Structure formats: structure tokens, C-alpha cells
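Chemist: TSV, N, CA and C atoms, saved as coords.tsv, coming up:
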```
chain	number	residue	atom	x	y	z
A	1	MET	N	0.84	-1.18	0.00
A	1	MET	CA	0.00	0.00	0.00
A	1	MET	C	0.88	1.25	0.00
A	2	ILE	N	1.60	1.41	-1.06
A	2	ILE	CA	2.53	2.53	-1.14
A	2	ILE	C	1.81	3.84	-1.44
A	3	GLN	N	0.53	3.80	-1.79
A	3	GLN	CA	-0.20	5.02	-2.15
A	3	GLN	C	-0.91	5.65	-0.97
A	4	ARG	N	-0.61	5.24	0.24
A	4	ARG	CA	-1.27	5.83	1.40
A	4	ARG	C	-0.79	7.27	1.62
A	5	ILE	N	-1.55	8.01	2.40
A	5	ILE	CA	-1.28	9.44	2.58
A	5	ILE	C	0.03	9.67	3.32
A	6	GLN	N	0.40	8.77	4.27
A	6	GLN	CA	1.65	8.98	4.98
A	6	GLN	C	2.85	8.81	4.06
A	7	THR	N	2.73	7.97	3.04
A	7	THR	CA	3.82	7.83	2.08
A	7	THR	C	3.99	9.12	1.29
A	8	ILE	N	2.90	9.74	0.95
A	8	ILE	CA	2.97	11.02	0.22
A	8	ILE	C	3.61	12.09	1.10
A	9	TYR	N	3.23	12.14	2.37
A	9	TYR	CA	3.83	13.11	3.29
A	9	TYR	C	5.34	12.88	3.44
A	10	ILE	N	5.74	11.63	3.57
A	10	ILE	CA	7.17	11.32	3.72
A	10	ILE	C	7.92	11.66	2.43
A	11	LEU	N	7.31	11.39	1.28
A	11	LEU	CA	7.93	11.73	0.00
A	11	LEU	C	8.10	13.23	-0.15
A	12	ILE	N	7.09	14.00	0.25
A	12	ILE	CA	7.20	15.46	0.19
A	12	ILE	C	8.33	15.94	1.09
A	13	SER	N	8.45	15.33	2.28
A	13	SER	CA	9.53	15.69	3.20
A	13	SER	C	10.89	15.41	2.58
A	14	ALA	N	11.04	14.26	1.93
A	14	ALA	CA	12.31	13.92	1.28
A	14	ALA	C	12.62	14.87	0.13
A	15	LEU	N	11.60	15.24	-0.64
A	15	LEU	CA	11.81	16.17	-1.75
A	15	LEU	C	12.19	17.56	-1.25
A	16	ILE	N	11.60	17.98	-0.15
A	16	ILE	CA	11.95	19.29	0.42
A	16	ILE	C	13.40	19.31	0.86
A	17	LEU	N	13.84	18.25	1.53
A	17	LEU	CA	15.23	18.22	1.97
A	17	LEU	C	16.20	18.03	0.81
A	18	GLY	N	15.78	17.30	-0.22
A	18	GLY	CA	16.61	17.20	-1.42
A	18	GLY	C	16.76	18.55	-2.12
A	19	SER	N	15.67	19.30	-2.14
A	19	SER	CA	15.75	20.64	-2.75
A	19	SER	C	16.55	21.60	-1.87
A	20	LEU	N	16.61	21.32	-0.57
A	20	LEU	CA	17.44	22.14	0.31
A	20	LEU	C	18.90	22.04	-0.10
A	21	TYR	N	19.35	20.85	-0.42
A	21	TYR	CA	20.74	20.69	-0.85
A	21	TYR	C	20.99	21.39	-2.19
A	22	ILE	N	20.05	21.30	-3.09
A	22	ILE	CA	20.24	21.90	-4.42
A	22	ILE	C	20.13	23.43	-4.35
A	23	TRP	N	19.18	23.93	-3.58
A	23	TRP	CA	18.86	25.35	-3.62
A	23	TRP	C	19.58	26.18	-2.56
A	24	PHE	N	20.10	25.55	-1.52
A	24	PHE	CA	20.66	26.28	-0.40
A	24	PHE	C	21.90	27.06	-0.82
A	25	PRO	N	21.92	28.37	-0.57
A	25	PRO	CA	23.07	29.18	-0.99
A	25	PRO	C	24.19	29.13	0.05
A	26	LYS	N	25.33	29.64	-0.36
A	26	LYS	CA	26.42	29.84	0.60
A	26	LYS	C	26.10	31.09	1.41
A	27	VAL	N	26.34	31.03	2.71
A	27	VAL	CA	26.12	32.19	3.56
A	27	VAL	C	27.48	32.72	3.98
A	28	GLN	N	27.74	33.98	3.66
A	28	GLN	CA	29.01	34.61	3.98
A	28	GLN	C	28.75	35.84	4.85
A	29	ASP	N	29.73	36.13	5.72
A	29	ASP	CA	29.59	37.34	6.53
A	29	ASP	C	30.14	38.53	5.75
A	30	ALA	N	30.17	39.70	6.38
A	30	ALA	CA	30.59	40.93	5.70
A	30	ALA	C	32.05	40.87	5.28
A	31	ALA	N	32.87	40.13	6.01
A	31	ALA	CA	34.29	40.03	5.67
A	31	ALA	C	34.54	39.03	4.55
A	32	GLY	N	33.52	38.30	4.14
A	32	GLY	CA	33.68	37.32	3.07
A	32	GLY	C	34.00	35.92	3.58
A	33	ALA	N	34.02	35.75	4.89
A	33	ALA	CA	34.27	34.42	5.45
A	33	ALA	C	33.01	33.57	5.32
A	34	LEU	N	33.22	32.30	4.97
A	34	LEU	CA	32.11	31.38	4.76
A	34	LEU	C	31.53	30.94	6.10
A	35	VAL	N	30.22	31.08	6.27
A	35	VAL	CA	29.55	30.70	7.51
A	35	VAL	C	28.91	29.33	7.37
A	36	ILE	N	28.08	29.15	6.35
A	36	ILE	CA	27.43	27.87	6.07
A	36	ILE	C	27.57	27.57	4.59
A	37	GLU	N	27.94	26.34	4.29
A	37	GLU	CA	28.00	25.89	2.91
A	37	GLU	C	27.33	24.53	2.83
A	38	ARG	N	26.69	24.25	1.71
A	38	ARG	CA	25.95	22.99	1.62
A	38	ARG	C	26.87	21.78	1.53
A	39	ASN	N	28.11	21.95	1.11
A	39	ASN	CA	29.04	20.83	1.03
A	39	ASN	C	29.82	20.60	2.31
A	40	GLU	N	29.50	21.32	3.35
A	40	GLU	CA	30.12	21.12	4.64
A	40	GLU	C	29.72	19.73	5.16
A	41	PRO	N	30.66	18.97	5.72
A	41	PRO	CA	30.36	17.58	6.10
A	41	PRO	C	29.19	17.42	7.07
A	42	LEU	N	29.05	18.31	8.04
A	42	LEU	CA	27.96	18.19	9.00
A	42	LEU	C	26.61	18.43	8.33
A	43	VAL	N	26.50	19.49	7.58
A	43	VAL	CA	25.24	19.83	6.90
A	43	VAL	C	24.92	18.78	5.85
A	44	LEU	N	25.90	18.38	5.06
A	44	LEU	CA	25.70	17.38	4.02
A	44	LEU	C	25.27	16.05	4.63
A	45	GLY	N	25.91	15.64	5.72
A	45	GLY	CA	25.56	14.39	6.37
A	45	GLY	C	24.16	14.39	6.94
A	46	LEU	N	23.76	15.51	7.53
A	46	LEU	CA	22.41	15.60	8.08
A	46	LEU	C	21.34	15.59	6.99
A	47	ILE	N	21.60	16.27	5.89
A	47	ILE	CA	20.64	16.30	4.78
A	47	ILE	C	20.52	14.92	4.15
A	48	ILE	N	21.65	14.30	3.85
A	48	ILE	CA	21.62	12.97	3.22
A	48	ILE	C	21.03	11.94	4.17
A	49	GLY	N	21.37	12.02	5.45
A	49	GLY	CA	20.81	11.10	6.43
A	49	GLY	C	19.30	11.22	6.53
A	50	SER	N	18.82	12.44	6.49
A	50	SER	CA	17.38	12.66	6.58
A	50	SER	C	16.66	12.14	5.34
A	51	VAL	N	17.23	12.37	4.17
A	51	VAL	CA	16.61	11.87	2.94
A	51	VAL	C	16.63	10.35	2.92
A	52	LEU	N	17.73	9.73	3.35
A	52	LEU	CA	17.81	8.27	3.38
A	52	LEU	C	16.82	7.68	4.37
A	53	LEU	N	16.66	8.30	5.54
A	53	LEU	CA	15.67	7.82	6.50
A	53	LEU	C	14.26	7.92	5.92
A	54	ALA	N	13.98	8.96	5.16
A	54	ALA	CA	12.67	9.09	4.55
A	54	ALA	C	12.44	8.00	3.51
A	55	ILE	N	13.46	7.69	2.72
A	55	ILE	CA	13.33	6.63	1.72
A	55	ILE	C	13.15	5.27	2.40
A	56	ILE	N	13.90	5.02	3.47
A	56	ILE	CA	13.74	3.76	4.22
A	56	ILE	C	12.34	3.67	4.82
A	57	ALA	N	11.83	4.78	5.33
A	57	ALA	CA	10.48	4.77	5.89
A	57	ALA	C	9.43	4.51	4.82
A	58	ILE	N	9.63	5.02	3.63
A	58	ILE	CA	8.69	4.77	2.54
A	58	ILE	C	8.71	3.29	2.16
A	59	LEU	N	9.90	2.70	2.12
A	59	LEU	CA	10.01	1.30	1.73
A	59	LEU	C	9.52	0.34	2.81
A	60	ASN	N	9.39	0.79	4.04
A	60	ASN	CA	8.86	-0.04	5.12
A	60	ASN	C	7.37	0.19	5.32
A	61	PHE	N	6.62	0.26	4.23
A	61	PHE	CA	5.20	0.58	4.35
A	61	PHE	C	4.39	-0.55	4.97
A	62	LYS	N	4.92	-1.79	4.96
A	62	LYS	CA	4.20	-2.90	5.58
A	62	LYS	C	4.40	-2.96	7.09
A	63	LYS	N	5.46	-2.36	7.57
A	63	LYS	CA	5.77	-2.36	9.01
A	63	LYS	C	5.52	-0.95	9.55
A	64	ARG	N	4.32	-0.73	10.03
A	64	ARG	CA	3.93	0.61	10.45
A	64	ARG	C	4.72	1.09	11.66
A	65	GLN	N	5.02	0.20	12.58
A	65	GLN	CA	5.76	0.61	13.78
A	65	GLN	C	7.18	1.05	13.44
A	66	SER	N	7.86	0.32	12.56
A	66	SER	CA	9.21	0.73	12.18
A	66	SER	C	9.17	2.01	11.34
A	67	GLN	N	8.12	2.17	10.54
A	67	GLN	CA	7.97	3.41	9.77
A	67	GLN	C	7.80	4.60	10.72
A	68	PHE	N	7.04	4.40	11.78
A	68	PHE	CA	6.84	5.43	12.79
A	68	PHE	C	8.16	5.80	13.47
A	69	VAL	N	8.97	4.78	13.79
A	69	VAL	CA	10.27	5.02	14.44
A	69	VAL	C	11.22	5.74	13.50
A	70	PHE	N	11.26	5.34	12.23
A	70	PHE	CA	12.13	6.02	11.27
A	70	PHE	C	11.73	7.48	11.11
A	71	ASN	N	10.43	7.76	11.14
A	71	ASN	CA	9.99	9.15	11.04
A	71	ASN	C	10.40	9.95	12.26
A	72	ARG	N	10.32	9.34	13.43
A	72	ARG	CA	10.77	10.05	14.64
A	72	ARG	C	12.26	10.34	14.59
A	73	LEU	N	13.06	9.39	14.13
A	73	LEU	CA	14.50	9.64	13.97
A	73	LEU	C	14.75	10.74	12.95
A	74	ASN	N	13.95	10.76	11.91
A	74	ASN	CA	14.07	11.79	10.88
A	74	ASN	C	13.72	13.17	11.45
A	75	ILE	N	12.71	13.22	12.31
A	75	ILE	CA	12.35	14.48	12.96
A	75	ILE	C	13.51	14.97	13.82
A	76	ILE	N	14.15	14.06	14.55
A	76	ILE	CA	15.30	14.44	15.38
A	76	ILE	C	16.44	14.97	14.51
A	77	LEU	N	16.72	14.30	13.39
A	77	LEU	CA	17.77	14.78	12.47
A	77	LEU	C	17.43	16.17	11.93
A	78	ASN	N	16.17	16.40	11.62
A	78	ASN	CA	15.77	17.72	11.13
A	78	ASN	C	15.91	18.79	12.19
A	79	PHE	N	15.62	18.45	13.45
A	79	PHE	CA	15.83	19.42	14.53
A	79	PHE	C	17.32	19.73	14.71
A	80	VAL	N	18.18	18.72	14.56
A	80	VAL	CA	19.62	18.96	14.66
A	80	VAL	C	20.08	19.85	13.50
A	81	LEU	N	19.58	19.57	12.30
A	81	LEU	CA	19.92	20.41	11.14
A	81	LEU	C	19.43	21.84	11.34
A	82	LEU	N	18.23	21.99	11.87
A	82	LEU	CA	17.70	23.31	12.17
A	82	LEU	C	18.56	24.02	13.21
A	83	GLY	N	19.01	23.29	14.22
A	83	GLY	CA	19.89	23.86	15.24
A	83	GLY	C	21.22	24.32	14.67
A	84	VAL	N	21.77	23.53	13.74
A	84	VAL	CA	23.03	23.92	13.09
A	84	VAL	C	22.83	25.21	12.30
A	85	PHE	N	21.74	25.29	11.55
A	85	PHE	CA	21.47	26.50	10.76
A	85	PHE	C	21.29	27.72	11.66
A	86	VAL	N	20.52	27.58	12.71
A	86	VAL	CA	20.26	28.71	13.60
A	86	VAL	C	21.53	29.13	14.33
A	87	TYR	N	22.30	28.15	14.81
A	87	TYR	CA	23.55	28.47	15.52
A	87	TYR	C	24.52	29.21	14.61
A	88	ARG	N	24.69	28.71	13.41
A	88	ARG	CA	25.64	29.35	12.49
A	88	ARG	C	25.14	30.72	12.06
A	89	SER	N	23.84	30.88	11.88
A	89	SER	CA	23.30	32.19	11.48
A	89	SER	C	23.41	33.21	12.59
A	90	LEU	N	23.22	32.76	13.83
A	90	LEU	CA	23.32	33.69	14.96
A	90	LEU	C	24.75	34.01	15.34
A	91	LYS	N	25.68	33.15	14.93
A	91	LYS	CA	27.09	33.37	15.23
A	91	LYS	C	27.68	34.53	14.42
A	92	VAL	N	27.04	34.81	13.29
A	92	VAL	CA	27.52	35.89	12.42
A	92	VAL	C	27.15	37.22	13.05
A	93	SER	N	28.14	38.11	13.15
A	93	SER	CA	27.84	39.44	13.67
A	93	SER	C	27.50	40.35	12.51
A	94	GLY	N	26.45	41.12	12.65
A	94	GLY	CA	26.05	42.05	11.60
A	94	GLY	C	25.25	41.35	10.51
A	95	GLU	N	25.07	42.04	9.42
A	95	GLU	CA	24.28	41.52	8.29
A	95	GLU	C	25.20	40.75	7.35
A	96	THR	N	24.68	39.69	6.79
A	96	THR	CA	25.46	38.92	5.82
A	96	THR	C	25.25	39.48	4.43
A	97	LEU	N	26.11	39.07	3.52
A	97	LEU	CA	25.99	39.52	2.15
A	97	LEU	C	24.81	38.85	1.46
A	98	VAL	N	24.51	37.61	1.86
A	98	VAL	CA	23.36	36.90	1.30
A	98	VAL	C	22.20	37.08	2.25
A	99	SER	N	21.18	37.78	1.82
A	99	SER	CA	20.07	38.10	2.71
A	99	SER	C	19.08	36.95	2.83
A	100	GLU	N	19.27	35.88	2.06
A	100	GLU	CA	18.35	34.74	2.12
A	100	GLU	C	18.79	33.72	3.14
A	101	LYS	N	19.50	34.11	4.18
A	101	LYS	CA	19.99	33.12	5.14
A	101	LYS	C	18.85	32.47	5.91
A	102	GLY	N	17.69	33.08	5.98
A	102	GLY	CA	16.56	32.49	6.67
A	102	GLY	C	15.79	31.48	5.84
A	103	ILE	N	16.00	31.47	4.54
A	103	ILE	CA	15.28	30.56	3.65
A	103	ILE	C	15.67	29.12	3.94
A	104	GLY	N	16.92	28.85	4.15
A	104	GLY	CA	17.37	27.48	4.43
A	104	GLY	C	16.84	26.94	5.74
A	105	VAL	N	16.54	27.83	6.67
A	105	VAL	CA	16.02	27.41	7.97
A	105	VAL	C	14.57	26.95	7.84
A	106	LEU	N	13.84	27.44	6.87
A	106	LEU	CA	12.44	27.07	6.71
A	106	LEU	C	12.25	25.64	6.21
A	107	PHE	N	13.17	25.13	5.41
A	107	PHE	CA	13.00	23.80	4.85
A	107	PHE	C	12.96	22.69	5.90
A	108	PRO	N	13.86	22.66	6.89
A	108	PRO	CA	13.71	21.62	7.92
A	108	PRO	C	12.42	21.76	8.72
A	109	ILE	N	11.94	22.97	8.92
A	109	ILE	CA	10.69	23.17	9.66
A	109	ILE	C	9.52	22.59	8.86
A	110	ILE	N	9.48	22.87	7.57
A	110	ILE	CA	8.41	22.33	6.72
A	110	ILE	C	8.50	20.81	6.66
A	111	SER	N	9.71	20.28	6.59
A	111	SER	CA	9.89	18.83	6.58
A	111	SER	C	9.40	18.21	7.88
A	112	ILE	N	9.66	18.86	9.01
A	112	ILE	CA	9.20	18.35	10.30
A	112	ILE	C	7.67	18.32	10.33
A	113	VAL	N	7.03	19.34	9.79
A	113	VAL	CA	5.56	19.38	9.76
A	113	VAL	C	5.01	18.20	8.96
A	114	PHE	N	5.59	17.92	7.79
A	114	PHE	CA	5.11	16.80	6.99
A	114	PHE	C	5.39	15.45	7.66
A	115	LEU	N	6.50	15.33	8.37
A	115	LEU	CA	6.79	14.09	9.08
A	115	LEU	C	5.82	13.87	10.24
A	116	VAL	N	5.44	14.94	10.92
A	116	VAL	CA	4.45	14.82	12.00
A	116	VAL	C	3.09	14.42	11.42
A	117	LEU	N	2.71	14.99	10.29
A	117	LEU	CA	1.47	14.59	9.63
A	117	LEU	C	1.52	13.12	9.22
A	118	ALA	N	2.67	12.66	8.74
A	118	ALA	CA	2.82	11.26	8.37
A	118	ALA	C	2.69	10.36	9.60
A	119	ASN	N	3.27	10.77	10.73
A	119	ASN	CA	3.16	9.97	11.94
A	119	ASN	C	1.73	9.90	12.43
A	120	LYS	N	0.99	10.98	12.29
A	120	LYS	CA	-0.43	10.95	12.69
A	120	LYS	C	-1.21	9.99	11.80
A	121	ALA	N	-0.91	9.98	10.50
A	121	ALA	CA	-1.61	9.07	9.59
A	121	ALA	C	-1.23	7.61	9.88
A	122	ILE	N	0.03	7.37	10.23
A	122	ILE	CA	0.46	6.02	10.58
A	122	ILE	C	-0.25	5.56	11.85
A	123	LYS	N	-0.35	6.44	12.82
A	123	LYS	CA	-1.05	6.11	14.07
A	123	LYS	C	-2.52	5.81	13.80
A	124	ARG	N	-3.14	6.58	12.93
A	124	ARG	CA	-4.54	6.35	12.57
A	124	ARG	C	-4.71	4.97	11.91
A	125	ASP	N	-3.79	4.61	11.01
A	125	ASP	CA	-3.84	3.28	10.39
A	125	ASP	C	-3.66	2.18	11.42
A	126	GLU	N	-2.73	2.37	12.33
A	126	GLU	CA	-2.48	1.37	13.36
A	126	GLU	C	-3.69	1.20	14.27
A	127	ASP	N	-4.34	2.29	14.62
A	127	ASP	CA	-5.55	2.21	15.44
A	127	ASP	C	-6.68	1.51	14.70
A	128	LEU	N	-6.79	1.75	13.40
A	128	LEU	CA	-7.81	1.09	12.59
A	128	LEU	C	-7.58	-0.42	12.53
A	129	VAL	N	-6.34	-0.83	12.36
A	129	VAL	CA	-6.02	-2.25	12.31
A	129	VAL	C	-6.29	-2.91	13.67
A	130	LYS	N	-5.96	-2.22	14.74
A	130	LYS	CA	-6.22	-2.77	16.08
A	130	LYS	C	-7.71	-2.88	16.34
A	131	SER	N	-8.51	-1.94	15.87
A	131	SER	CA	-9.95	-2.01	16.09
A	131	SER	C	-10.59	-3.15	15.29
A	132	VAL	N	-10.06	-3.42	14.12
A	132	VAL	CA	-10.58	-4.54	13.31
A	132	VAL	C	-10.20	-5.86	13.97
A	133	ASP	N	-8.99	-5.96	14.52
A	133	ASP	CA	-8.58	-7.17	15.22
A	133	ASP	C	-9.43	-7.41	16.47
A	134	ARG	N	-9.88	-6.37	17.08
A	134	ARG	CA	-10.68	-6.49	18.29
A	134	ARG	C	-12.06	-7.09	17.97
A	135	LEU	N	-12.57	-6.82	16.77
A	135	LEU	CA	-13.90	-7.30	16.41
A	135	LEU	C	-13.93	-8.79	16.08
A	136	ARG	N	-12.80	-9.38	15.74
A	136	ARG	CA	-12.78	-10.79	15.38
A	136	ARG	C	-12.93	-11.66	16.53
```
As C-alpha cells, what does this structure read like?
Modeler:
Amino acid sequence: MIQRIQTIYILISALILGSLYIWFPKVQDAAGALVIERNEPLVLGLIIGSVLLAIIAILNFKKRQSQFVFNRLNIILNFVLLGVFVYRSLKVSGETLVSEKGIGVLFPIISIVFLVLANKAIKRDEDLVKSVDRLR
């Protein structure tokens, strides 16, 4: 049942984080020093890890409990990525040359929202299956 709504939510989350890697600009301070770059090992690892967890969660559509756990781990990775973005953005003194430094922070937040929606749909499916088992 790969066409369920939680699969669509998880896929949207993976696409958002994939587009974060493609679209995320370099953030430089006024002196020209690099603050955040998408090829930085920490940022790159968190983005790739989050996308891989989303793909694994999509492929585990028959095991709802493991799908739920993978989504929770993905939410934690997105919060860590969000923390890295916020920490690095706040570490810069003054205005940066790239004024879109807040755009990259929005993508993990949107991804977290879709993962929470997917977890709610997974819980709803699990409750439905348990109620049907109770009737037998």
C-alpha cells in the first residue's frame, strides 16, 4: 500500500530536503568568510541522512511501527539540522551579504511538519487495524 497518505507526506519531506541541498546558498559574513556551505560535512551528512531515512520509511510501508520510528528519527535529524542553521546564522555578527539566510532554515521546519502529519496518519492506520482485530 505505497499510495497511502503517509507515504505522500514522507515523500514530500524527502523532496523538500533534497531541494534544500540543491537550492541552499552559501552564507558569507561581511568580511567574506564562509559561515554555512551545503558541502560542509555536518550539513551534508544531516541532509543525506534525513533523505535516506525518509526513503527507508517509505520502503517499510508494511511495518507501520518501524515506519513510525524512522519518522521520529528523521524528525530528530531535522531538529539537529535546524539547530546547526540557527547556531551558524546567529554566530555571524552584523548583516550577511546573502540576505536569504533564513530561507534554508524554513525547509527543515516544513519537513518536520510533513513528518508529523505522516506519523499521525500512521497512528490512525495502526488504530484502525487494532480495532478490526478487536472485532474478530
Chemist: Could you jot down the atom C of Gln3 in chain A to atom N of Val69 in chain A separation for me, Å, one decimal place?
Modeler: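 Value for the atom C of Gln3 in chain A-atom N of Val69 in chain A distance: 17.8 Å.
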Chemist: Tell me which protein, DNA and RNA residues are within 10 Å of range 13-24 of chain A, counting only C-alpha atoms, leaving out same-chain ones fewer than 4 positions away, and put them as an MDAnalysis selection string.
Modeler: chainID A and resid 7:9 36:39 43:44 46:48 50:55 58 74 78 100:101 103:115 118
Chemist: If you run DSSP on this backbone, which residues of range 10-92 of chain A come out as strand (DSSP E or B), and could you give them as a ChimeraX atom specification?
Modeler: /A:27-28,34-36
Chemist: Take the residues just selected and output them with N, CA and C atoms as a compact mmCIF listing (two decimals), in the coordinates of the input.
Modeler:
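So again.txt came out as:
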```
# COMPACT_ATOMS: atom_id res chain seq x y z
N VAL A 27 26.34 31.03 2.71
CA VAL A 27 26.12 32.19 3.56
C VAL A 27 27.48 32.72 3.98
N GLN A 28 27.74 33.98 3.66
CA GLN A 28 29.01 34.61 3.98
C GLN A 28 28.75 35.84 4.85
N LEU A 34 33.22 32.30 4.97
CA LEU A 34 32.11 31.38 4.76
C LEU A 34 31.53 30.94 6.10
N VAL A 35 30.22 31.08 6.27
CA VAL A 35 29.55 30.70 7.51
C VAL A 35 28.91 29.33 7.37
N ILE A 36 28.08 29.15 6.35
CA ILE A 36 27.43 27.87 6.07
C ILE A 36 27.57 27.57 4.59
```
Chemist: If you run DSSP on this backbone, which residues of range 35-112 of chain A come out as alpha helix (DSSP H), and could you give them as an MDAnalysis selection string?
Modeler: chainID A and resid 41:59 64:91 103:112
Chemist: Work out how far atom C of Asp125 in chain A is from atom N of Gln67 in chain A, in Å to one decimal.
Modeler: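 So the two atoms, atom N of Gln67 in chain A and atom C of Asp125 in chain A, lie 11.8 Å apart.
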Chemist: Can you measure CA of Phe68 in chain A to CA of Asp127 in chain A for me? One decimal in Å is fine.
Modeler: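 Result for CA of Phe68 in chain A versus CA of Asp127 in chain A: 13.1 Å, one decimal.
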Chemist: Hey, could you pull the box centre and edge lengths for range 85-91 of chain A, axis-aligned, 6 Å padding per side, all listed atoms, to one decimal in Å, as JSON?
Modeler:
```
{"center_x": 24.0, "center_y": 29.9, "center_z": 13.1, "size_x": 19.4, "size_y": 21.2, "size_z": 16.8}
```
Chemist: Enumerate, as a PDB file with N, CA and C atoms, in the frame of the given file, the protein, DNA and RNA residues whose atoms approach (0.1, 1.8, 11.5) to within 8 Å, taking into account all atoms listed in the file and the coordinate frame of the file.
Modeler:
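Done, and the output landed in result-v4.pdb:
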```
ATOM      1  N   LYS A  62       4.920  -1.790   4.960  1.00  0.00           N
ATOM      2  CA  LYS A  62       4.200  -2.900   5.580  1.00  0.00           C
ATOM      3  C   LYS A  62       4.400  -2.960   7.090  1.00  0.00           C
ATOM      4  N   LYS A  63       5.460  -2.360   7.570  1.00  0.00           N
ATOM      5  CA  LYS A  63       5.770  -2.360   9.010  1.00  0.00           C
ATOM      6  C   LYS A  63       5.520  -0.950   9.550  1.00  0.00           C
ATOM      7  N   ARG A  64       4.320  -0.730  10.030  1.00  0.00           N
ATOM      8  CA  ARG A  64       3.930   0.610  10.450  1.00  0.00           C
ATOM      9  C   ARG A  64       4.720   1.090  11.660  1.00  0.00           C
ATOM     10  N   GLN A  65       5.020   0.200  12.580  1.00  0.00           N
ATOM     11  CA  GLN A  65       5.760   0.610  13.780  1.00  0.00           C
ATOM     12  C   GLN A  65       7.180   1.050  13.440  1.00  0.00           C
ATOM     13  N   SER A  66       7.860   0.320  12.560  1.00  0.00           N
ATOM     14  CA  SER A  66       9.210   0.730  12.180  1.00  0.00           C
ATOM     15  C   SER A  66       9.170   2.010  11.340  1.00  0.00           C
ATOM     16  N   PHE A  68       7.040   4.400  11.780  1.00  0.00           N
ATOM     17  CA  PHE A  68       6.840   5.430  12.790  1.00  0.00           C
ATOM     18  C   PHE A  68       8.160   5.800  13.470  1.00  0.00           C
ATOM     19  N   ALA A 121      -0.910   9.980  10.500  1.00  0.00           N
ATOM     20  CA  ALA A 121      -1.610   9.070   9.590  1.00  0.00           C
ATOM     21  C   ALA A 121      -1.230   7.610   9.880  1.00  0.00           C
ATOM     22  N   ILE A 122       0.030   7.370  10.230  1.00  0.00           N
ATOM     23  CA  ILE A 122       0.460   6.020  10.580  1.00  0.00           C
ATOM     24  C   ILE A 122      -0.250   5.560  11.850  1.00  0.00           C
ATOM     25  N   LYS A 123      -0.350   6.440  12.820  1.00  0.00           N
ATOM     26  CA  LYS A 123      -1.050   6.110  14.070  1.00  0.00           C
ATOM     27  C   LYS A 123      -2.520   5.810  13.800  1.00  0.00           C
ATOM     28  N   ARG A 124      -3.140   6.580  12.930  1.00  0.00           N
ATOM     29  CA  ARG A 124      -4.540   6.350  12.570  1.00  0.00           C
ATOM     30  C   ARG A 124      -4.710   4.970  11.910  1.00  0.00           C
ATOM     31  N   ASP A 125      -3.790   4.610  11.010  1.00  0.00           N
ATOM     32  CA  ASP A 125      -3.840   3.280  10.390  1.00  0.00           C
ATOM     33  C   ASP A 125      -3.660   2.180  11.420  1.00  0.00           C
ATOM     34  N   GLU A 126      -2.730   2.370  12.330  1.00  0.00           N
ATOM     35  CA  GLU A 126      -2.480   1.370  13.360  1.00  0.00           C
ATOM     36  C   GLU A 126      -3.690   1.200  14.270  1.00  0.00           C
ATOM     37  N   ASP A 127      -4.340   2.290  14.620  1.00  0.00           N
ATOM     38  CA  ASP A 127      -5.550   2.210  15.440  1.00  0.00           C
ATOM     39  C   ASP A 127      -6.680   1.510  14.700  1.00  0.00           C
ATOM     40  N   LEU A 128      -6.790   1.750  13.400  1.00  0.00           N
ATOM     41  CA  LEU A 128      -7.810   1.090  12.590  1.00  0.00           C
ATOM     42  C   LEU A 128      -7.580  -0.420  12.530  1.00  0.00           C
ATOM     43  N   VAL A 129      -6.340  -0.830  12.360  1.00  0.00           N
ATOM     44  CA  VAL A 129      -6.020  -2.250  12.310  1.00  0.00           C
ATOM     45  C   VAL A 129      -6.290  -2.910  13.670  1.00  0.00           C
ATOM     46  N   LYS A 130      -5.960  -2.220  14.740  1.00  0.00           N
ATOM     47  CA  LYS A 130      -6.220  -2.770  16.080  1.00  0.00           C
ATOM     48  C   LYS A 130      -7.710  -2.880  16.340  1.00  0.00           C
TER      49      LYS A 130
END
```
